[in-house]
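Novice: I'm passing along final.csv; it holds CSV, C-alpha atoms.
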```csv
chain,number,residue,atom,x,y,z
F,1,MET,CA,19.9,-34.8,-30.4
F,2,LYS,CA,19.8,-31.4,-32.1
F,3,THR,CA,22.9,-29.2,-32.4
F,4,SER,CA,23.0,-25.4,-32.3
F,5,LYS,CA,26.0,-23.4,-33.4
F,6,ILE,CA,26.8,-19.9,-34.4
F,7,ASP,CA,28.8,-20.0,-37.6
F,8,ARG,CA,28.9,-16.3,-38.5
F,9,LEU,CA,28.8,-13.1,-36.4
F,10,ILE,CA,28.5,-9.5,-37.6
F,11,LEU,CA,28.4,-6.4,-35.4
F,12,SER,CA,27.5,-2.9,-36.5
F,13,ASN,CA,28.1,0.1,-34.1
F,14,PHE,CA,28.0,-2.2,-31.1
F,15,ARG,CA,30.2,-1.2,-28.2
F,16,SER,CA,33.8,-0.7,-29.5
F,17,TYR,CA,33.0,-2.2,-32.9
F,18,SER,CA,31.8,0.0,-35.8
F,19,ASP,CA,32.0,-2.9,-38.3
F,20,PHE,CA,33.0,-6.4,-37.4
F,21,SER,CA,32.5,-9.8,-39.1
F,22,VAL,CA,33.9,-13.2,-38.4
F,23,ASP,CA,33.2,-16.7,-39.7
F,24,LEU,CA,33.5,-19.3,-37.0
F,25,ASP,CA,34.0,-22.3,-39.3
F,26,ASN,CA,31.5,-24.6,-37.6
F,27,ALA,CA,33.8,-24.7,-34.5
F,28,ASP,CA,32.6,-26.4,-31.3
F,29,ASN,CA,34.8,-24.1,-29.2
F,30,ILE,CA,35.7,-20.5,-29.9
F,31,VAL,CA,38.5,-18.9,-27.9
F,32,ILE,CA,38.6,-15.1,-28.0
F,33,CYS,CA,41.9,-13.9,-26.7
F,34,GLY,CA,43.8,-10.6,-26.5
F,35,ASN,CA,45.0,-7.9,-24.1
F,36,ASN,CA,42.6,-6.1,-21.8
F,37,GLY,CA,40.5,-3.5,-23.6
F,38,VAL,CA,40.5,-5.1,-27.1
F,39,GLY,CA,36.8,-5.9,-27.0
F,40,LYS,CA,36.6,-9.6,-25.9
F,41,THR,CA,33.8,-9.1,-23.5
F,42,ASN,CA,32.0,-6.9,-26.0
F,43,LEU,CA,31.8,-9.8,-28.5
F,44,LEU,CA,30.2,-12.1,-25.9
F,45,GLU,CA,27.8,-9.3,-24.8
F,46,ALA,CA,26.7,-9.0,-28.5
F,47,ILE,CA,26.0,-12.7,-28.8
F,48,CYS,CA,24.0,-12.8,-25.5
F,49,GLN,CA,21.6,-10.3,-26.9
F,50,PHE,CA,19.8,-13.3,-28.5
F,51,GLY,CA,19.3,-14.8,-25.1
F,52,SER,CA,18.6,-11.5,-23.2
F,53,LEU,CA,15.0,-10.9,-24.2
F,54,SER,CA,13.9,-9.1,-21.1
F,55,SER,CA,15.2,-6.8,-18.3
F,56,PHE,CA,14.7,-9.9,-16.2
F,57,SER,CA,17.2,-12.0,-18.2
F,58,PRO,CA,20.3,-13.4,-16.5
F,59,ILE,CA,22.8,-10.6,-15.8
F,60,PHE,CA,25.7,-10.2,-18.2
F,61,ARG,CA,26.9,-6.9,-17.0
F,62,LYS,CA,24.9,-4.0,-15.7
F,63,ALA,CA,24.2,-1.9,-18.8
F,64,LYS,CA,21.2,-0.4,-20.6
F,65,PHE,CA,20.6,-1.1,-24.2
F,66,SER,CA,21.2,2.6,-24.9
F,67,ASP,CA,24.7,2.3,-23.5
F,68,MET,CA,25.7,-0.5,-25.9
F,69,GLY,CA,26.1,1.7,-29.0
F,70,ASN,CA,29.5,2.8,-30.3
F,71,VAL,CA,30.1,6.2,-28.6
F,72,LYS,CA,32.5,7.2,-31.3
F,73,VAL,CA,29.8,7.4,-33.9
F,74,ASP,CA,28.2,10.8,-34.5
F,75,ASN,CA,24.4,10.9,-34.5
F,76,LEU,CA,24.2,7.2,-33.8
F,77,ASP,CA,20.7,6.0,-34.7
F,78,LYS,CA,21.0,2.2,-33.9
F,79,TRP,CA,23.3,-0.7,-33.2
F,80,GLN,CA,22.8,-4.1,-34.7
F,81,VAL,CA,24.1,-7.7,-34.2
F,82,PHE,CA,23.6,-10.4,-36.8
F,83,CYS,CA,24.4,-14.1,-36.5
F,84,SER,CA,23.9,-17.1,-38.6
F,85,ILE,CA,22.8,-20.1,-36.5
F,86,ARG,CA,23.1,-23.7,-37.7
F,87,ASN,CA,20.6,-26.0,-36.2
F,88,ASP,CA,21.6,-29.5,-37.4
F,89,ASP,CA,22.0,-28.9,-41.2
F,90,VAL,CA,19.7,-25.9,-41.4
F,91,ASN,CA,20.9,-22.3,-41.2
F,92,TYR,CA,18.8,-19.4,-39.8
F,93,ASN,CA,19.7,-15.7,-39.9
F,94,LEU,CA,19.0,-13.9,-36.6
F,95,SER,CA,19.3,-10.2,-36.1
F,96,VAL,CA,18.8,-7.9,-33.1
F,97,GLN,CA,18.9,-4.1,-33.3
F,98,TYR,CA,18.3,-1.3,-30.9
F,99,LYS,CA,16.9,2.0,-32.3
F,100,TYR,CA,17.6,5.2,-30.4
F,101,PRO,CA,14.9,7.7,-29.9
F,102,LEU,CA,15.3,11.1,-31.6
F,103,LYS,CA,15.3,13.1,-28.4
F,104,ASN,CA,16.1,16.5,-29.6
F,105,LYS,CA,15.4,17.7,-33.1
F,106,ASN,CA,17.7,20.7,-32.8
F,107,LYS,CA,20.7,18.3,-32.3
F,108,LEU,CA,20.0,16.3,-35.4
F,109,SER,CA,22.2,16.6,-38.4
F,110,ASP,CA,20.8,18.2,-41.6
F,111,ASN,CA,20.7,14.8,-43.3
F,112,LEU,CA,18.8,13.2,-40.4
F,113,GLU,CA,16.3,16.0,-40.4
F,114,ARG,CA,15.8,15.5,-44.1
F,115,GLU,CA,15.3,11.8,-43.6
F,116,ALA,CA,12.8,12.4,-40.9
F,117,SER,CA,10.7,14.8,-42.9
F,118,ASP,CA,10.6,12.2,-45.8
F,119,LEU,CA,9.1,9.7,-43.4
F,120,ASP,CA,6.0,11.8,-42.6
F,121,PHE,CA,6.8,12.3,-38.9
F,122,ASP,CA,4.5,14.6,-37.0
F,123,GLY,CA,7.4,16.7,-35.9
F,124,ASP,CA,7.4,15.6,-32.3
F,125,PHE,CA,10.7,13.7,-32.2
F,126,GLN,CA,10.5,13.2,-28.5
F,127,LYS,CA,7.6,10.8,-28.9
F,128,GLU,CA,9.6,8.2,-30.9
F,129,SER,CA,10.4,5.5,-28.4
F,130,ALA,CA,13.6,3.4,-28.3
F,131,GLU,CA,13.2,-0.4,-28.7
F,132,LYS,CA,15.0,-3.6,-29.1
F,133,LEU,CA,13.9,-5.4,-32.2
F,134,LEU,CA,14.4,-9.1,-33.2
F,135,PHE,CA,14.4,-10.5,-36.7
F,136,ILE,CA,14.4,-14.1,-37.9
F,137,ASN,CA,15.4,-14.6,-41.6
F,138,GLY,CA,14.8,-10.9,-42.1
F,139,LYS,CA,11.3,-10.9,-40.7
F,140,LYS,CA,10.5,-8.9,-37.5
F,141,ILE,CA,9.0,-11.0,-34.7
F,142,SER,CA,6.5,-9.6,-32.3
F,143,ASP,CA,6.8,-12.4,-29.7
F,144,LYS,CA,10.4,-12.2,-28.8
F,145,SER,CA,10.3,-15.6,-27.0
F,146,ASN,CA,10.0,-17.2,-30.4
F,147,ILE,CA,13.8,-16.8,-30.7
F,148,PHE,CA,14.0,-19.7,-28.2
F,149,ASP,CA,12.9,-22.0,-31.0
F,150,TYR,CA,16.3,-21.3,-32.7
F,151,VAL,CA,18.8,-20.7,-30.0
F,152,ARG,CA,19.2,-20.9,-26.3
F,153,MET,CA,22.1,-19.5,-24.3
F,154,VAL,CA,23.6,-19.4,-20.9
F,155,TRP,CA,26.6,-17.2,-19.9
F,156,LEU,CA,29.0,-16.8,-17.0
F,157,THR,CA,30.9,-13.6,-16.2
F,158,PRO,CA,33.1,-12.5,-13.3
F,159,PHE,CA,30.3,-10.2,-12.3
F,160,MET,CA,28.2,-13.2,-11.5
F,161,ASP,CA,30.7,-14.8,-9.2
F,162,ARG,CA,29.2,-13.1,-6.1
F,163,ILE,CA,25.6,-13.8,-7.1
F,164,PHE,CA,25.0,-15.6,-3.8
F,165,THR,CA,26.3,-12.8,-1.6
F,166,ASP,CA,25.4,-9.6,-3.5
F,167,ALA,CA,22.1,-7.8,-3.5
F,168,SER,CA,19.0,-9.9,-3.5
F,169,SER,CA,17.6,-7.9,-6.5
F,170,ASP,CA,20.5,-9.1,-8.6
F,171,ARG,CA,20.1,-12.7,-7.5
F,172,ARG,CA,16.3,-12.6,-8.1
F,173,LYS,CA,16.9,-11.1,-11.6
F,174,PHE,CA,19.4,-13.9,-12.4
F,175,PHE,CA,17.0,-16.7,-11.4
F,176,ASP,CA,14.0,-15.0,-12.9
F,177,GLY,CA,15.8,-14.9,-16.2
F,178,LEU,CA,16.6,-18.6,-16.0
F,179,ILE,CA,12.9,-19.4,-15.3
F,180,GLY,CA,11.8,-17.2,-18.2
F,181,SER,CA,13.7,-19.5,-20.6
F,182,PHE,CA,11.5,-22.4,-19.6
F,183,ASN,CA,8.2,-20.7,-19.2
F,184,PRO,CA,7.3,-18.5,-22.2
F,185,LEU,CA,4.6,-16.7,-20.1
F,186,TYR,CA,6.9,-15.9,-17.2
F,187,PHE,CA,8.5,-12.6,-18.5
F,188,GLY,CA,5.1,-11.3,-19.4
F,189,MET,CA,3.8,-12.1,-15.9
F,190,LEU,CA,6.7,-10.3,-14.3
F,191,ASN,CA,6.2,-7.2,-16.5
F,192,ASP,CA,2.4,-7.2,-15.9
F,193,TYR,CA,3.0,-7.6,-12.1
F,194,ASN,CA,5.5,-4.7,-12.0
F,195,ASN,CA,3.3,-2.4,-14.0
F,196,ALA,CA,0.3,-3.1,-11.7
F,197,LEU,CA,2.5,-2.5,-8.7
F,198,ARG,CA,3.6,0.9,-10.1
F,199,GLN,CA,-0.1,1.8,-10.8
F,200,ARG,CA,-1.0,0.9,-7.2
F,201,SER,CA,1.8,3.0,-5.8
F,202,LYS,CA,0.9,6.0,-7.9
F,203,LEU,CA,-2.8,5.7,-6.9
F,204,LEU,CA,-2.0,5.5,-3.2
F,205,LYS,CA,0.0,8.7,-3.5
F,206,THR,CA,-3.0,10.7,-4.7
F,207,SER,CA,-5.1,12.6,-2.2
F,208,VAL,CA,-8.4,11.3,-3.6
F,209,LYS,CA,-8.3,7.5,-4.1
F,210,ASP,CA,-10.5,5.5,-6.5
F,211,LEU,CA,-11.1,2.6,-4.2
F,212,SER,CA,-12.8,0.4,-6.9
F,213,TRP,CA,-9.9,0.8,-9.2
F,214,LEU,CA,-7.5,0.1,-6.3
F,215,ASP,CA,-9.4,-3.1,-5.5
F,216,ALA,CA,-9.1,-4.2,-9.2
F,217,ILE,CA,-5.4,-3.5,-9.3
F,218,GLU,CA,-4.8,-5.5,-6.1
F,219,SER,CA,-6.9,-8.4,-7.3
F,220,ASN,CA,-4.7,-8.5,-10.4
F,221,LEU,CA,-1.6,-8.3,-8.3
F,222,ALA,CA,-2.7,-11.1,-6.1
F,223,GLY,CA,-3.4,-13.4,-9.1
F,224,LEU,CA,-0.1,-12.5,-10.9
F,225,GLY,CA,1.9,-12.8,-7.7
F,226,VAL,CA,0.7,-16.4,-7.0
F,227,ALA,CA,1.3,-17.4,-10.6
F,228,ILE,CA,4.8,-16.1,-10.5
F,229,ALA,CA,5.5,-17.8,-7.1
F,230,VAL,CA,4.1,-21.1,-8.5
F,231,ALA,CA,6.4,-20.9,-11.6
F,232,ARG,CA,9.4,-20.2,-9.3
F,233,LEU,CA,8.7,-23.1,-7.1
F,234,GLU,CA,8.3,-25.5,-10.1
F,235,PHE,CA,11.6,-24.4,-11.5
F,236,VAL,CA,13.4,-24.8,-8.2
F,237,GLU,CA,12.0,-28.3,-7.8
F,238,SER,CA,13.1,-29.3,-11.3
F,239,ILE,CA,16.6,-27.9,-11.1
F,240,ASN,CA,17.2,-29.3,-7.6
F,241,LYS,CA,16.7,-32.8,-8.9
F,242,LEU,CA,19.9,-32.2,-11.0
F,243,LEU,CA,21.7,-30.2,-8.4
F,244,SER,CA,21.3,-32.8,-5.7
F,245,VAL,CA,23.1,-35.4,-7.9
F,246,SER,CA,25.7,-32.8,-8.7
F,247,PHE,CA,28.7,-33.2,-11.1
F,248,ASP,CA,32.1,-34.7,-10.5
F,249,GLY,CA,34.2,-32.4,-8.4
F,250,PHE,CA,31.5,-29.8,-7.9
F,251,PRO,CA,29.4,-29.0,-4.8
F,252,LYS,CA,26.0,-30.5,-4.2
F,253,ILE,CA,23.6,-27.7,-3.5
F,254,LEU,CA,19.9,-27.0,-3.2
F,255,LEU,CA,18.1,-23.8,-4.3
F,256,ARG,CA,15.5,-22.3,-2.0
F,257,ILE,CA,13.1,-19.3,-2.1
F,258,ASP,CA,12.2,-17.1,0.8
F,259,GLY,CA,9.2,-15.0,0.1
F,260,VAL,CA,5.9,-14.2,1.8
F,261,ILE,CA,3.9,-15.8,-1.1
F,262,GLU,CA,6.2,-18.7,-1.9
F,263,ASN,CA,6.4,-19.7,1.8
F,264,LYS,CA,2.6,-20.0,2.0
F,265,LEU,CA,2.6,-22.2,-1.1
F,266,ILE,CA,5.4,-24.3,0.4
F,267,GLU,CA,3.1,-24.9,3.4
F,268,ASN,CA,0.7,-26.6,0.9
F,269,ILE,CA,-1.9,-23.9,1.3
F,270,SER,CA,-4.0,-23.8,-1.9
F,271,ALA,CA,-3.3,-21.2,-4.5
F,272,LEU,CA,-6.7,-19.7,-4.1
F,273,GLU,CA,-6.2,-19.3,-0.3
F,274,VAL,CA,-2.8,-17.7,-0.9
F,275,GLU,CA,-4.3,-15.3,-3.4
F,276,MET,CA,-6.8,-14.2,-0.9
F,277,PHE,CA,-4.1,-13.9,1.8
F,278,PHE,CA,-2.0,-11.7,-0.6
F,279,LYS,CA,-4.9,-9.5,-1.4
F,280,ASP,CA,-5.6,-9.0,2.3
F,281,LEU,CA,-2.0,-8.2,2.9
F,282,LEU,CA,-2.1,-5.5,0.2
F,283,LEU,CA,-5.3,-4.1,1.8
F,284,LYS,CA,-3.6,-3.7,5.2
F,285,ASN,CA,-0.6,-2.2,3.5
F,286,ARG,CA,-2.7,0.7,2.2
F,287,SER,CA,-2.8,2.5,5.5
F,288,ASP,CA,1.0,3.1,5.7
F,289,PHE,CA,1.9,5.7,3.1
F,290,GLU,CA,5.7,5.0,3.4
F,291,LYS,CA,5.2,1.3,3.0
F,292,SER,CA,2.9,1.8,0.0
F,293,SER,CA,5.7,2.6,-2.3
F,294,PHE,CA,6.9,0.2,-4.9
F,295,ALA,CA,9.9,-0.9,-2.9
F,296,PHE,CA,8.1,-1.5,0.4
F,297,SER,CA,4.9,-3.1,-0.8
F,298,PRO,CA,4.7,-6.8,0.0
F,299,GLY,CA,4.9,-9.4,-2.8
F,300,VAL,CA,7.1,-11.5,-5.0
F,301,HIS,CA,9.2,-8.6,-6.0
F,302,ARG,CA,10.8,-8.8,-2.6
F,303,SER,CA,11.4,-12.6,-2.5
F,304,ASP,CA,14.9,-13.9,-2.4
F,305,PHE,CA,16.6,-17.0,-3.9
F,306,TYR,CA,19.5,-18.6,-2.0
F,307,ALA,CA,21.5,-21.8,-2.2
F,308,PHE,CA,22.3,-24.3,0.5
F,309,HIS,CA,25.6,-26.4,0.5
F,310,ILE,CA,24.5,-29.9,1.3
F,311,VAL,CA,27.9,-31.3,2.4
F,312,ASN,CA,29.0,-28.2,4.4
F,313,ASP,CA,25.4,-27.9,5.8
F,314,ILE,CA,25.5,-24.1,5.5
F,315,PRO,CA,24.2,-21.5,3.0
F,316,VAL,CA,26.5,-21.0,0.0
F,317,SER,CA,26.8,-17.4,0.9
F,318,LEU,CA,28.8,-18.4,4.0
F,319,CYS,CA,31.1,-20.7,2.1
F,320,SER,CA,34.5,-19.7,0.8
F,321,THR,CA,34.8,-17.6,-2.3
F,322,GLY,CA,36.0,-20.7,-4.2
F,323,GLU,CA,33.0,-22.8,-3.1
F,324,GLN,CA,30.7,-20.0,-4.1
F,325,LYS,CA,32.2,-19.9,-7.6
F,326,LEU,CA,32.0,-23.7,-7.9
F,327,SER,CA,28.4,-23.6,-6.7
F,328,LEU,CA,27.5,-21.1,-9.4
F,329,LEU,CA,29.1,-23.5,-12.0
F,330,SER,CA,26.9,-26.3,-10.6
F,331,VAL,CA,23.8,-24.1,-11.3
F,332,ILE,CA,25.0,-23.3,-14.8
F,333,MET,CA,25.7,-27.0,-15.6
F,334,ALA,CA,22.3,-28.1,-14.1
F,335,TYR,CA,20.5,-25.3,-16.0
F,336,SER,CA,22.2,-26.3,-19.3
F,337,LYS,CA,21.3,-29.9,-18.7
F,338,MET,CA,17.7,-28.9,-18.1
F,339,ILE,CA,17.6,-27.1,-21.4
F,340,LYS,CA,18.9,-30.2,-23.2
F,341,LEU,CA,16.4,-32.5,-21.4
F,342,VAL,CA,13.4,-30.3,-21.9
F,343,PHE,CA,14.0,-29.0,-25.4
F,344,ASN,CA,16.4,-31.6,-26.9
F,345,ILE,CA,18.9,-28.9,-27.8
F,346,PRO,CA,22.1,-27.9,-25.9
F,347,PRO,CA,22.5,-24.2,-25.1
F,348,ILE,CA,25.3,-22.1,-26.4
F,349,VAL,CA,27.6,-21.3,-23.5
F,350,LEU,CA,29.5,-18.0,-23.1
F,351,ILE,CA,32.3,-17.9,-20.5
F,352,ASP,CA,33.9,-14.5,-20.0
F,353,GLU,CA,37.4,-14.5,-18.5
F,354,ALA,CA,37.5,-18.2,-17.9
F,355,PRO,CA,40.7,-18.2,-15.7
F,356,ALA,CA,38.9,-15.9,-13.2
F,357,HIS,CA,36.3,-18.6,-12.3
F,358,ILE,CA,38.1,-21.9,-11.8
F,359,ASP,CA,41.5,-23.5,-11.6
F,360,SER,CA,42.8,-25.9,-14.3
F,361,ASP,CA,41.6,-29.1,-12.7
F,362,LYS,CA,38.0,-27.9,-12.2
F,363,ARG,CA,38.1,-26.2,-15.6
F,364,ASP,CA,38.8,-29.6,-17.3
F,365,LEU,CA,35.9,-31.2,-15.3
F,366,PHE,CA,33.6,-28.3,-16.2
F,367,PHE,CA,34.5,-28.6,-19.9
F,368,ALA,CA,34.0,-32.3,-19.9
F,369,GLU,CA,30.4,-31.7,-18.8
F,370,LEU,CA,29.9,-29.2,-21.6
F,371,GLN,CA,31.2,-31.7,-24.1
F,372,LYS,CA,28.7,-34.3,-22.8
F,373,LEU,CA,26.0,-31.8,-23.5
F,374,GLY,CA,27.3,-31.0,-27.0
F,375,SER,CA,27.3,-27.3,-26.4
F,376,GLN,CA,29.1,-24.8,-28.6
F,377,THR,CA,31.2,-22.8,-26.1
F,378,PHE,CA,32.8,-19.4,-26.3
F,379,PHE,CA,35.7,-18.5,-24.0
F,380,THR,CA,37.6,-15.2,-23.4
F,381,GLY,CA,41.0,-14.8,-21.8
F,382,THR,CA,44.2,-12.8,-22.1
F,383,ASN,CA,46.5,-15.8,-22.5
F,384,LYS,CA,45.7,-18.3,-25.3
F,385,GLU,CA,48.1,-20.8,-23.7
F,386,TYR,CA,45.5,-21.3,-20.9
F,387,PHE,CA,43.3,-22.9,-23.5
F,388,ASN,CA,45.8,-25.4,-24.9
F,389,PHE,CA,43.6,-28.2,-23.4
F,390,LEU,CA,41.2,-27.4,-26.3
F,391,ASP,CA,43.7,-28.2,-29.0
F,392,LYS,CA,42.4,-31.8,-29.4
F,393,PHE,CA,38.9,-30.6,-30.0
F,394,ASN,CA,37.2,-28.7,-32.9
F,395,THR,CA,38.4,-25.2,-31.7
F,396,LYS,CA,38.9,-21.8,-33.4
F,397,ILE,CA,41.3,-19.3,-31.9
F,398,LEU,CA,40.2,-15.7,-32.5
F,399,GLU,CA,43.0,-13.3,-31.5
F,400,LEU,CA,41.9,-9.6,-31.2
F,401,SER,CA,44.2,-6.5,-31.2
F,402,LYS,CA,43.5,-2.8,-31.2
```
Output the structure of this file as C-alpha cells.

Specialist:
Amino acid sequence: MKTSKIDRLILSNFRSYSDFSVDLDNADNIVICGNNGVGKTNLLEAICQFGSLSSFSPIFRKAKFSDMGNVKVDNLDKWQVFCSIRNDDVNYNLSVQYKYPLKNKNKLSDNLEREASDLDFDGDFQKESAEKLLFINGKKISDKSNIFDYVRMVWLTPFMDRIFTDASSDRRKFFDGLIGSFNPLYFGMLNDYNNALRQRSKLLKTSVKDLSWLDAIESNLAGLGVAIAVARLEFVESINKLLSVSFDGFPKILLRIDGVIENKLIENISALEVEMFFKDLLLKNRSDFEKSSFAFSPGVHRSDFYAFHIVNDIPVSLCSTGEQKLSLLSVIMAYSKMIKLVFNIPPIVLIDEAPAHIDSDKRDLFFAELQKLGSQTFFTGTNKEYFNFLDKFNTKILELSK
C-alpha cells in the first residue's frame, strides 16, 4: 500500500500568518494545540487547499478565497501555501496560490504601479481576474484534478456536525465534493451545468427570446443533468456498501438522494428517456417567469442528499445530535476507505477541534479505524492532554501561541 504524508508546510500571507514554516518530521499524527485564536484552524484550512479544487469541494468553513489573505498586509497581492508531500520514499513539492485582482489603479502603491507598467499591462487593471493556481514541483498545472495523483484529503470541522439538518445546499455541496474526488469529470460537469442554467435564466428574462438558442441550452442542460445524476447514484451505491457494514461503535446508515432526475433513474427508466423527460420539464417551465430563475428551475441543482439510520429506522436528521455526529463520522470513515480501496492510497485526514465531535471512547474507535487505513492525521484542540492517547504512536505536538 502506498503512503502519503505531509512532511513540511510553509504559509505566506495566509489568514493570520505572514510567514510560517514547520517540519513535521515524518509524523503519522500531528496535534496542533493552543488557546482559542492562535491560528489552529487556519493551519488546517491552509492544508485543505490541496483538496479543495472547486467551489463544490467539501465544506471546510464558509469563506471565499479572497477572504483567506492576511488582512494586516498592505497592498496584498497574493497568499500562498506550500507543502512537501512524501509518497512512499518520493517527495513532491506542491504549492497553491491565490492572486488578487488589481481592482483600482488609484489605490495601488507607487511600487505596485511601477511593477505593473513594467509588465506591459494595457492599463485596465479591472480586467485582471483573480484565480487560484496550483503547482507541482514548481510547474503550474492546468488540470487541477491532477493534484489527486499526489494527495487526497478529507476533513471534519464543527461546522459540518449539522450537515444532515442544515440547508440542503450545504449538504449537496458536501456530497458533490466527495463525488468529485472519485470522478475527475464531475466538477467540470457541475460547472458546465450551472453556467448553462445561468444562460437560460438570463435568456428567459429578455423580452425577445432566441428560441433556437434556448432549445440548444436546454438540450445541453438535459444531457448534463442526467450525467450528474448518474454519477451521484453510482457514488451512493458504492459508499452504501461500506456504510451498511458500518464500523465498531458507529451507526449503520444509508445515503439516499431525492431529486426529480435521480428519482426517475432509480425507477430504472433509461437515461435517454430521463433526458427527454428533463428537457420537456424545462420547456414547460419557460412559461412561468418567476420559476424560470436559476433558483426555481427544475434540475439536479435542487436535489437533496439525506441519510437514513438503519437501526433506529428514521432519517438521521431526526436522530439525536450525538447520533448525527457519529453518522457523519461513519460517512468520513467510509469515504476514506473508498479512497484507499479505489486508489490504493489512504487520504490525509484533518480533524478540527476533535473534542467537539466525539467522546473519548468513540474517539479511540475512530482513531483505530484511521490507523487501519494508514492515514496521516491532523488534530486541533485547546488541551494537549486530550491527545495523550496518541503518545504510543508516531506523533508530533505542535504548540501555537500568539

Novice: Any idea what's packed within 9 Å of region 42-54 of chain F, counting all atoms listed in the file, ignoring anything in its chain fewer than 2 positions away? Could you give it as an MDAnalysis selection string?

Specialist: chainID F and resid 9 11 14:17 32 38:40 56:61 68 80:83 94:96 132 134 144:145 147:148 151:155 177 180:181 187 350:352 378:380

Novice: Go through F:Asn75, F:Asn146, F:Ser84, F:Ser330 and flag the residue nearest Ser21 (chain F), using only C-alpha atoms for the distances.

Specialist: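 Nearest to Ser21 (chain F): F:Ser84.
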
Novice: May I ask for the distance between CA of Ala27 (chain F) and CA of Lys396 (chain F), given in Å to one decimal place?

Specialist: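 About the pair CA of Ala27 (chain F) and CA of Lys396 (chain F): they are 6.0 Å apart.
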
Novice: Quick one: distance from CA of Asn195 (chain F) to CA of Leu224 (chain F) in Å, one decimal?

Specialist: 11.1 Å

Novice: Give me, please, the distance in Å between CA of Ser66 (chain F) and CA of Leu133 (chain F), quoted to one decimal.

Specialist: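 A separation of 13.1 Å between them.
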
Novice: Between F:Gln199, F:Asn26, F:Ser18, F:Asn383, which is the closest to Asp215 (chain F) once you count all atoms listed in the file?

Specialist: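 Result for the nearest residue to Asp215 (chain F): F:Gln199.
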
Novice: Ranking F:Tyr335, F:Ile253, F:Ile179, F:Ile217 by minimum distance to Ala231 (chain F) and counting only C-alpha atoms, which one comes first?

Specialist: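 Among F:Tyr335, F:Ile253, F:Ile179, F:Ile217, it is F:Ile179 that comes nearest to Ala231 (chain F).
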